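Asks: What follows is work.tsv, TSV, C-alpha atoms.
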```
chain	number	residue	atom	x	y	z
Y	20	MET	CA	39.07	-63.91	30.78
Y	21	THR	CA	42.05	-65.87	29.56
Y	22	SER	CA	42.44	-66.41	25.83
Y	23	PHE	CA	39.53	-68.66	24.87
Y	24	THR	CA	40.78	-71.53	22.72
Y	25	ARG	CA	38.99	-74.09	20.62
Y	26	ARG	CA	40.02	-76.76	23.12
Y	27	GLN	CA	38.12	-74.88	25.83
Y	28	ALA	CA	35.14	-74.66	23.48
Y	29	VAL	CA	35.24	-78.41	22.95
Y	30	ARG	CA	35.47	-79.02	26.68
Y	31	LEU	CA	32.48	-76.73	27.22
Y	32	LEU	CA	30.49	-78.81	24.75
Y	33	LEU	CA	31.54	-82.07	26.36
Y	34	LEU	CA	30.58	-80.77	29.79
Y	35	ALA	CA	27.16	-79.94	28.34
Y	36	GLY	CA	26.72	-83.63	27.64
Y	37	THR	CA	27.77	-84.46	24.10
Y	38	ALA	CA	30.10	-83.33	21.35
Y	39	LEU	CA	26.98	-82.98	19.21
Y	40	ALA	CA	25.30	-80.54	21.59
Y	41	ALA	CA	25.91	-77.52	19.36
Y	42	PRO	CA	23.42	-78.40	16.59
Y	43	ARG	CA	20.67	-78.76	19.18
Y	44	LEU	CA	19.66	-75.13	18.71
Y	45	MET	CA	18.56	-75.74	15.16
Y	46	ALA	CA	17.09	-79.12	15.98
Y	47	ARG	CA	15.02	-77.46	18.66
Y	48	GLU	CA	13.98	-74.35	16.74
Y	49	TYR	CA	14.02	-75.14	13.03
Y	50	GLY	CA	10.61	-75.80	11.52
Y	51	GLN	CA	8.77	-73.93	14.28
Y	52	GLY	CA	8.51	-70.64	12.46
Y	53	GLU	CA	5.60	-69.14	10.61
Y	54	GLY	CA	4.04	-71.16	7.84
Y	55	THR	CA	5.23	-74.41	6.34
Y	56	PRO	CA	8.72	-75.59	7.37
Y	57	TRP	CA	11.45	-75.84	4.77
Y	58	ALA	CA	11.02	-78.49	2.08
Y	59	PRO	CA	13.43	-79.40	-0.74
Y	60	MET	CA	13.23	-77.15	-3.81
Y	61	SER	CA	10.73	-74.75	-2.29
Y	62	GLY	CA	10.66	-71.62	-0.21
Y	63	ASP	CA	13.72	-70.20	1.53
Y	64	VAL	CA	16.09	-73.13	1.14
Y	65	PRO	CA	19.02	-73.16	3.59
Y	66	HIS	CA	22.28	-72.85	1.70
Y	67	HIS	CA	25.95	-73.11	2.47
Y	68	GLY	CA	28.10	-70.01	2.20
Y	69	THR	CA	28.06	-66.38	3.15
Y	70	GLY	CA	25.01	-65.25	1.20
Y	71	GLU	CA	23.57	-61.81	1.85
Y	72	GLU	CA	23.29	-60.31	5.29
Y	73	ARG	CA	20.05	-61.34	6.86
Y	74	PHE	CA	19.85	-59.33	10.12
Y	75	LEU	CA	23.18	-57.77	11.01
Y	76	GLY	CA	24.10	-54.45	9.48
Y	77	PRO	CA	27.68	-53.94	8.21
Y	78	ALA	CA	29.04	-52.56	11.50
Y	79	GLU	CA	27.22	-55.22	13.52
Y	80	HIS	CA	28.45	-57.94	11.19
Y	81	ALA	CA	32.05	-56.75	11.61
Y	82	ALA	CA	31.72	-56.63	15.40
Y	83	VAL	CA	30.21	-60.11	15.68
Y	84	ALA	CA	32.85	-61.56	13.36
Y	85	ALA	CA	35.60	-59.93	15.42
Y	86	ILE	CA	34.15	-61.16	18.73
Y	87	CYS	CA	33.82	-64.72	17.47
Y	88	ALA	CA	37.36	-64.61	16.08
Y	89	ARG	CA	38.65	-63.91	19.58
Y	90	LEU	CA	36.40	-66.48	21.26
Y	91	ILE	CA	37.46	-69.24	18.83
Y	92	PRO	CA	40.73	-67.95	17.37
Y	93	SER	CA	42.67	-69.21	14.41
Y	94	ASP	CA	46.17	-70.39	15.34
Y	95	GLU	CA	48.68	-73.19	14.86
Y	96	ASP	CA	46.18	-75.58	16.43
Y	97	GLY	CA	43.77	-75.18	13.54
Y	98	ALA	CA	41.04	-73.08	11.95
Y	99	GLY	CA	38.81	-70.86	14.06
Y	100	ALA	CA	35.52	-69.00	13.89
Y	101	ALA	CA	36.63	-66.90	10.92
Y	102	GLU	CA	37.35	-69.92	8.72
Y	103	ALA	CA	34.17	-71.62	9.93
Y	104	ASP	CA	32.12	-68.52	8.97
Y	105	VAL	CA	30.44	-68.52	12.35
Y	106	VAL	CA	29.12	-64.99	11.81
Y	107	THR	CA	26.86	-66.20	8.98
Y	108	PHE	CA	25.37	-68.88	11.23
Y	109	ILE	CA	24.63	-66.26	13.88
Y	110	ASP	CA	23.26	-63.81	11.32
Y	111	ARG	CA	20.75	-66.37	10.04
Y	112	GLN	CA	19.73	-67.34	13.56
Y	113	LEU	CA	19.03	-63.74	14.47
Y	114	ALA	CA	17.01	-63.21	11.29
Y	115	GLY	CA	14.59	-66.01	12.12
Y	116	PHE	CA	12.25	-67.13	14.85
Y	117	TYR	CA	15.14	-67.82	17.24
Y	118	GLY	CA	16.22	-64.20	16.96
Y	119	ARG	CA	12.66	-63.05	17.61
Y	120	GLY	CA	12.23	-65.41	20.56
Y	121	GLN	CA	9.09	-66.44	18.72
Y	122	ASN	CA	8.54	-69.63	20.68
Y	123	TRP	CA	9.59	-68.26	24.07
Y	124	TYR	CA	7.54	-66.65	26.82
Y	125	MET	CA	8.78	-63.05	26.65
Y	126	LYS	CA	6.35	-61.18	28.85
Y	127	GLY	CA	7.11	-59.62	32.25
Y	128	PRO	CA	7.69	-59.27	35.04
Y	129	PHE	CA	11.43	-59.58	34.49
Y	130	GLY	CA	13.31	-60.48	37.64
Y	131	GLU	CA	16.95	-61.36	38.05
Y	132	GLY	CA	17.32	-65.04	37.19
Y	133	THR	CA	19.86	-67.58	38.32
Y	134	SER	CA	22.59	-69.28	36.32
Y	135	THR	CA	20.50	-72.46	36.18
Y	136	GLN	CA	17.44	-70.81	34.62
Y	137	GLY	CA	18.83	-70.19	31.14
Y	138	TYR	CA	18.19	-67.11	29.06
Y	139	GLN	CA	16.57	-64.41	31.20
Y	140	SER	CA	16.80	-61.17	29.21
Y	141	GLU	CA	13.69	-59.16	28.52
Y	142	HIS	CA	14.99	-58.73	24.97
Y	143	PRO	CA	14.81	-61.56	22.42
Y	144	PRO	CA	18.25	-62.57	21.10
Y	145	ALA	CA	18.20	-60.37	17.98
Y	146	MET	CA	17.34	-57.25	19.95
Y	147	LEU	CA	19.89	-58.11	22.64
Y	148	TYR	CA	22.55	-58.28	19.93
Y	149	ARG	CA	21.42	-55.01	18.34
Y	150	LEU	CA	21.33	-53.03	21.56
Y	151	THR	CA	24.52	-54.48	22.98
Y	152	LEU	CA	26.58	-54.09	19.82
Y	153	ALA	CA	25.59	-50.42	19.65
Y	154	GLU	CA	26.63	-49.87	23.27
Y	155	LEU	CA	29.80	-51.91	22.78
Y	156	ASP	CA	30.97	-49.81	19.85
Y	157	ALA	CA	30.09	-46.61	21.71
Y	158	TYR	CA	32.16	-47.81	24.67
Y	159	CYS	CA	35.09	-48.76	22.43
Y	160	ARG	CA	35.03	-45.41	20.62
Y	161	ALA	CA	34.97	-43.53	23.94
Y	162	GLU	CA	37.72	-45.59	25.58
Y	163	HIS	CA	39.88	-46.59	22.61
Y	164	GLY	CA	38.96	-44.27	19.77
Y	165	ALA	CA	37.66	-46.97	17.42
Y	166	PRO	CA	34.85	-49.55	17.18
Y	167	PHE	CA	35.50	-53.04	18.53
Y	168	ALA	CA	36.21	-54.60	15.13
Y	169	GLU	CA	39.08	-52.14	14.50
Y	170	LEU	CA	40.89	-52.67	17.79
Y	171	GLY	CA	43.93	-54.87	18.29
Y	172	ALA	CA	43.59	-58.40	19.61
Y	173	ASP	CA	44.89	-57.51	23.08
Y	174	ASP	CA	42.37	-54.69	23.49
Y	175	GLN	CA	39.58	-56.92	22.19
Y	176	ASP	CA	40.48	-59.66	24.66
Y	177	ALA	CA	40.56	-57.18	27.53
Y	178	ILE	CA	37.12	-55.84	26.60
Y	179	LEU	CA	35.64	-59.33	26.31
Y	180	ALA	CA	37.14	-60.14	29.71
Y	181	GLY	CA	35.41	-57.04	31.07
Y	182	LEU	CA	32.07	-58.20	29.68
Y	183	GLU	CA	32.49	-61.71	31.05
Y	184	ASP	CA	33.64	-60.55	34.49
Y	185	GLU	CA	30.97	-57.82	34.66
Y	186	GLU	CA	33.61	-55.12	34.92
Y	187	ILE	CA	32.07	-53.39	31.90
Y	188	GLU	CA	28.39	-52.54	32.17
Y	189	PHE	CA	25.94	-50.99	29.72
Y	190	ASP	CA	22.86	-48.86	30.35
Y	191	ARG	CA	20.13	-50.76	28.50
Y	192	VAL	CA	21.35	-54.37	28.47
Y	193	SER	CA	23.34	-56.85	30.50
Y	194	ALA	CA	26.85	-57.11	29.06
Y	195	LYS	CA	27.33	-60.43	30.84
Y	196	THR	CA	24.14	-61.87	29.34
Y	197	PHE	CA	25.30	-60.84	25.88
Y	198	PHE	CA	28.74	-62.37	26.41
Y	199	ASP	CA	27.25	-65.68	27.54
Y	200	LEU	CA	24.86	-65.70	24.56
Y	201	ILE	CA	27.39	-64.91	21.85
Y	202	LEU	CA	29.82	-67.45	23.30
Y	203	GLU	CA	27.09	-70.11	23.12
Y	204	ASN	CA	26.11	-69.05	19.59
Y	205	ALA	CA	29.73	-69.04	18.43
Y	206	ILE	CA	30.23	-72.61	19.65
Y	207	GLU	CA	26.99	-73.66	17.98
Y	208	GLY	CA	28.03	-72.05	14.71
Y	209	PHE	CA	31.44	-73.73	14.84
Y	210	PHE	CA	29.95	-77.22	15.21
Y	211	ALA	CA	26.49	-77.06	13.58
Y	212	ASP	CA	25.82	-78.70	10.22
Y	213	PRO	CA	27.20	-76.49	7.41
Y	214	ILE	CA	23.73	-76.17	5.88
Y	215	TYR	CA	22.98	-73.56	8.55
Y	216	GLY	CA	25.82	-71.27	7.49
Y	217	GLY	CA	28.65	-72.04	9.93
Y	218	ASN	CA	31.17	-74.87	10.18
Y	219	ARG	CA	32.33	-74.03	6.66
Y	220	ASP	CA	34.08	-76.96	5.02
Y	221	MET	CA	33.25	-78.83	8.25
Y	222	VAL	CA	36.32	-77.39	9.98
Y	223	GLY	CA	34.69	-77.81	13.39
Y	224	TRP	CA	33.92	-81.46	12.76
Y	225	ARG	CA	37.39	-82.07	11.37
Y	226	TYR	CA	38.88	-80.52	14.49
Y	227	VAL	CA	37.18	-83.01	16.82
Y	228	GLY	CA	37.22	-85.94	14.39
Y	229	PHE	CA	33.43	-86.13	13.97
Y	230	PRO	CA	32.51	-88.05	10.76
Y	231	GLY	CA	29.28	-86.13	10.33
Y	232	THR	CA	25.62	-86.92	9.75
Y	233	ARG	CA	26.02	-90.29	8.06
Y	234	TYR	CA	23.12	-92.68	7.57
Y	235	ASP	CA	24.41	-95.08	10.23
Y	236	TYR	CA	27.56	-96.44	11.82
Y	237	ARG	CA	26.73	-100.13	11.89
Y	238	ASP	CA	30.11	-101.01	10.39
Y	239	PHE	CA	31.78	-99.49	13.44
Y	240	ILE	CA	29.66	-100.88	16.27
Y	241	ASN	CA	32.55	-103.00	17.53
Y	242	HIS	CA	35.30	-100.42	17.13
Y	243	ASN	CA	36.02	-100.58	20.89
Y	244	GLY	CA	36.67	-96.89	21.23
Y	245	ALA	CA	39.04	-96.61	18.29
Y	246	ALA	CA	38.88	-93.42	16.24
Y	247	ILE	CA	36.52	-93.57	13.25
Y	248	VAL	CA	38.57	-92.03	10.46
Y	249	LEU	CA	36.09	-90.95	7.80
Y	250	GLU	CA	35.69	-87.83	5.71
Y	251	PRO	CA	32.89	-85.83	7.39
Y	252	VAL	CA	29.52	-85.64	5.63
Y	253	GLY	CA	26.84	-83.00	6.22
Y	254	LEU	CA	23.10	-83.01	5.62
Y	255	SER	CA	23.76	-81.85	2.06
Y	256	GLY	CA	26.63	-84.28	1.54
Y	257	ARG	CA	30.13	-82.99	0.98
Y	258	PRO	CA	31.80	-80.93	-1.80
Y	259	GLY	CA	33.24	-84.02	-3.48
Y	260	TRP	CA	29.72	-85.33	-4.13
Y	261	SER	CA	28.48	-82.28	-6.02
Y	262	GLY	CA	30.37	-82.87	-9.26
Y	263	PRO	CA	29.06	-84.60	-12.39
```
Translate this file's structure into structure tokens.
Replies:
Amino acid sequence: MTSFTRRQAVRLLLLAGTALAAPRLMAREYGQGEGTPWAPMSGDVPHHGTGEERFLGPAEHAAVAAICARLIPSDEDGAGAAEADVVTFIDRQLAGFYGRGQNWYMKGPFGEGTSTQGYQSEHPPAMLYRLTLAELDAYCRAEHGAPFAELGADDQDAILAGLEDEEIEFDRVSAKTFFDLILENAIEGFFADPIYGGNRDMVGWRYVGFPGTRYDYRDFINHNGAAIVLEPVGLSGRPGWSGP
């Protein structure tokens, strides 16, 4: 695995069909959990920021944050997964019905799927994370004397390359399946609406020049491909709107 840059992440999204593909996870899953979906001023209201840990324990949280920081690194090109708080997005996903695979068929038999068949693990996403992160840290302690989050960037990149290329294997889970899933989740967290925990300060949207979830773009219908230079706006507005 070569160093995975934000530009590669953007290309991956564009190849998937649209620069707005990342938020599709929440559009597909949100509101399909138990009971009444979220409504303003009631229940478990989504909020922007780190908040309390929802699913990941401290060691798991550190490992996921470190993995995402290598997948979408911070450099001279701009902010990365750390600044976007991607780990909080993933944490909230794993704590909910997506993490439980609540709306998926998760019964056997479990055969070996193909690359075109999507997620094929017998474990729902949250359990795949939990099992894999435990095995990952055990591997890192045995081979490098420290958990993944405490290793240097070069060692972390080499380990992630081993997961991606199937050179590192675990006993209970597919390392490759986990790598593919966390890469997808990291990209989603970098570009999803900030209300879901990631894309803090809309750094992902600023990176690609996306103006956000505005009411409409009728004023720009005839822009003939020119860039639309507007301050991005999320579902909950933007920080400048929250003052008196």
Asks: Could you check which of Y:Asp238, Y:Asp174, Y:Asp94, Y:Asp156 is closest to Ala82 in chain Y, using only C-alpha atoms?
Replies: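 Closest candidate: Y:Asp156.
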Asks: Counting all atoms listed in the file, find residues at most 7 Å from (30.4, -78.4, 12.0) (file frame) and give them as a list in words.
Replies: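 Residues close enough to count: Phe209, Phe210, Ala211, Asp212, Pro213, Gly217, Asn218, Met221, Val222, Gly223 and Trp224 of chain Y.
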Asks: Take the point (23.5, -54.9, 34.8) in the file's coordinates, draw a sphere of radius 12 Å around it, and report as a ChimeraX atom specification every protein, DNA or RNA residue with an atom inside or on it, counting all atoms listed in the file.
Replies: /Y:130-131,140,151,182-197
Asks: May I ask for the distance between CA of Arg233 in chain Y and CA of Ala246 in chain Y, given in Å to one decimal place?
Replies: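 Straight-line distance from CA of Arg233 in chain Y to CA of Ala246 in chain Y works out to 15.6 Å.
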Asks: I'd like to know which of Y:Ala114, Y:Phe167, Y:Val105, Y:Tyr124 is closest to Ala78 in chain Y, using all atoms listed in the file.
Replies: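 Smallest distance to Ala78 in chain Y is found for Y:Phe167.
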Asks: Report the distance between CA of Val106 in chain Y and CA of Arg89 in chain Y in Å, rounded to one decimal place.
Replies: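 It comes out at 12.3 Å.
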Asks: Near Asp104 in chain Y, counting only C-alpha atoms, which residues have an atom at most 9 Å away, once you skip same-chain residues fewer than 4 positions from it, shown as a PyMOL selection string?
Replies: chain Y and resi 68-69+84+99-100+108+208-209+216-219
Asks: For Pro143 in chain Y, which residue out of Y:Ala165, Y:Leu170, Y:Ala88, Y:Leu113 is the nearest one, using only C-alpha atoms?
Replies: Y:Leu113
Asks: Quick one: distance from CA of Ile206 in chain Y to CA of Ala145 in chain Y in Å, one decimal?
Replies: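 Taking CA of Ile206 in chain Y and CA of Ala145 in chain Y, their separation equals 17.2 Å.
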Asks: Do a neighbour search on Leu202 in chain Y at 8 Å with only C-alpha atoms, toss out local chain neighbours closer than 4 positions, and write the hits as a list of chain:residue names.
Replies: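 Answer for this query is Y:Cys87, Y:Leu90, Y:Phe198, Y:Ile206.
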Asks: Looking at Y:Pro166, Y:Gly118, Y:Gly253, Y:Pro77, which one is nearest to Tyr215 in chain Y, with distances taken over only C-alpha atoms?
Replies: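 When distances to Tyr215 in chain Y are compared using only C-alpha atoms, the smallest one comes from Y:Gly253.
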Asks: Can you work out which one of Y:Ala205, Y:Ala180, Y:Val248, Y:Met146 has the shortest atom-to-atom distance to Val227 in chain Y, counting all atoms listed in the file?
Replies: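 Of Y:Ala205, Y:Ala180, Y:Val248, Y:Met146, the one nearest Val227 in chain Y is Y:Val248, counting all atoms listed in the file.
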Asks: Using only C-alpha atoms, which protein or nucleic acid residues come within 9 Å of Thr232 in chain Y? Drop anything in the same chain fewer than 3 positions from it, and give the result as a PyMOL selection string.
Replies: chain Y and resi 212+229+235+251-254+256
Asks: Quick one: range 235-254 of chain Y with N, CA and C atoms, as a compact mmCIF listing (two decimals), keeping the file's coordinate frame?
Replies:
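After the write, selection03.txt holds the following:
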```txt
# COMPACT_ATOMS: atom_id res chain seq x y z
N ASP Y 235 24.24 -94.29 9.01
CA ASP Y 235 24.41 -95.08 10.23
C ASP Y 235 25.88 -95.45 10.38
N TYR Y 236 26.19 -96.04 11.50
CA TYR Y 236 27.56 -96.44 11.82
C TYR Y 236 27.62 -97.92 12.19
N ARG Y 237 26.78 -98.71 11.54
CA ARG Y 237 26.73 -100.13 11.89
C ARG Y 237 28.06 -100.83 11.67
N ASP Y 238 28.83 -100.37 10.67
CA ASP Y 238 30.11 -101.01 10.39
C ASP Y 238 31.14 -100.77 11.50
N PHE Y 239 30.80 -99.84 12.41
CA PHE Y 239 31.78 -99.49 13.44
C PHE Y 239 31.27 -99.78 14.85
N ILE Y 240 30.23 -100.61 14.96
CA ILE Y 240 29.66 -100.88 16.27
C ILE Y 240 30.71 -101.47 17.20
N ASN Y 241 31.56 -102.32 16.69
CA ASN Y 241 32.55 -103.00 17.53
C ASN Y 241 33.95 -102.37 17.42
N HIS Y 242 33.98 -101.07 17.29
CA HIS Y 242 35.30 -100.42 17.13
C HIS Y 242 36.04 -100.27 18.45
N ASN Y 243 35.37 -100.57 19.57
CA ASN Y 243 36.02 -100.58 20.89
C ASN Y 243 36.74 -99.28 21.21
N GLY Y 244 36.13 -98.20 20.87
CA GLY Y 244 36.67 -96.89 21.23
C GLY Y 244 37.71 -96.35 20.28
N ALA Y 245 38.05 -97.10 19.25
CA ALA Y 245 39.04 -96.61 18.29
C ALA Y 245 38.46 -95.46 17.48
N ALA Y 246 39.32 -94.56 17.05
CA ALA Y 246 38.88 -93.42 16.24
C ALA Y 246 38.26 -93.90 14.93
N ILE Y 247 37.16 -93.26 14.53
CA ILE Y 247 36.52 -93.57 13.25
C ILE Y 247 37.03 -92.54 12.25
N VAL Y 248 37.94 -92.94 11.40
CA VAL Y 248 38.57 -92.03 10.46
C VAL Y 248 37.80 -92.04 9.15
N LEU Y 249 36.89 -91.08 9.01
CA LEU Y 249 36.09 -90.95 7.80
C LEU Y 249 36.00 -89.48 7.42
N GLU Y 250 35.91 -89.20 6.15
CA GLU Y 250 35.69 -87.83 5.71
C GLU Y 250 34.31 -87.39 6.19
N PRO Y 251 34.20 -86.24 6.88
CA PRO Y 251 32.89 -85.83 7.39
C PRO Y 251 31.88 -85.55 6.28
N VAL Y 252 30.62 -85.84 6.57
CA VAL Y 252 29.52 -85.64 5.63
C VAL Y 252 28.43 -84.84 6.33
N GLY Y 253 27.92 -83.81 5.67
CA GLY Y 253 26.84 -83.00 6.22
C GLY Y 253 25.49 -83.42 5.68
N LEU Y 254 24.46 -82.70 6.08
CA LEU Y 254 23.10 -83.01 5.62
C LEU Y 254 23.00 -82.88 4.10
```
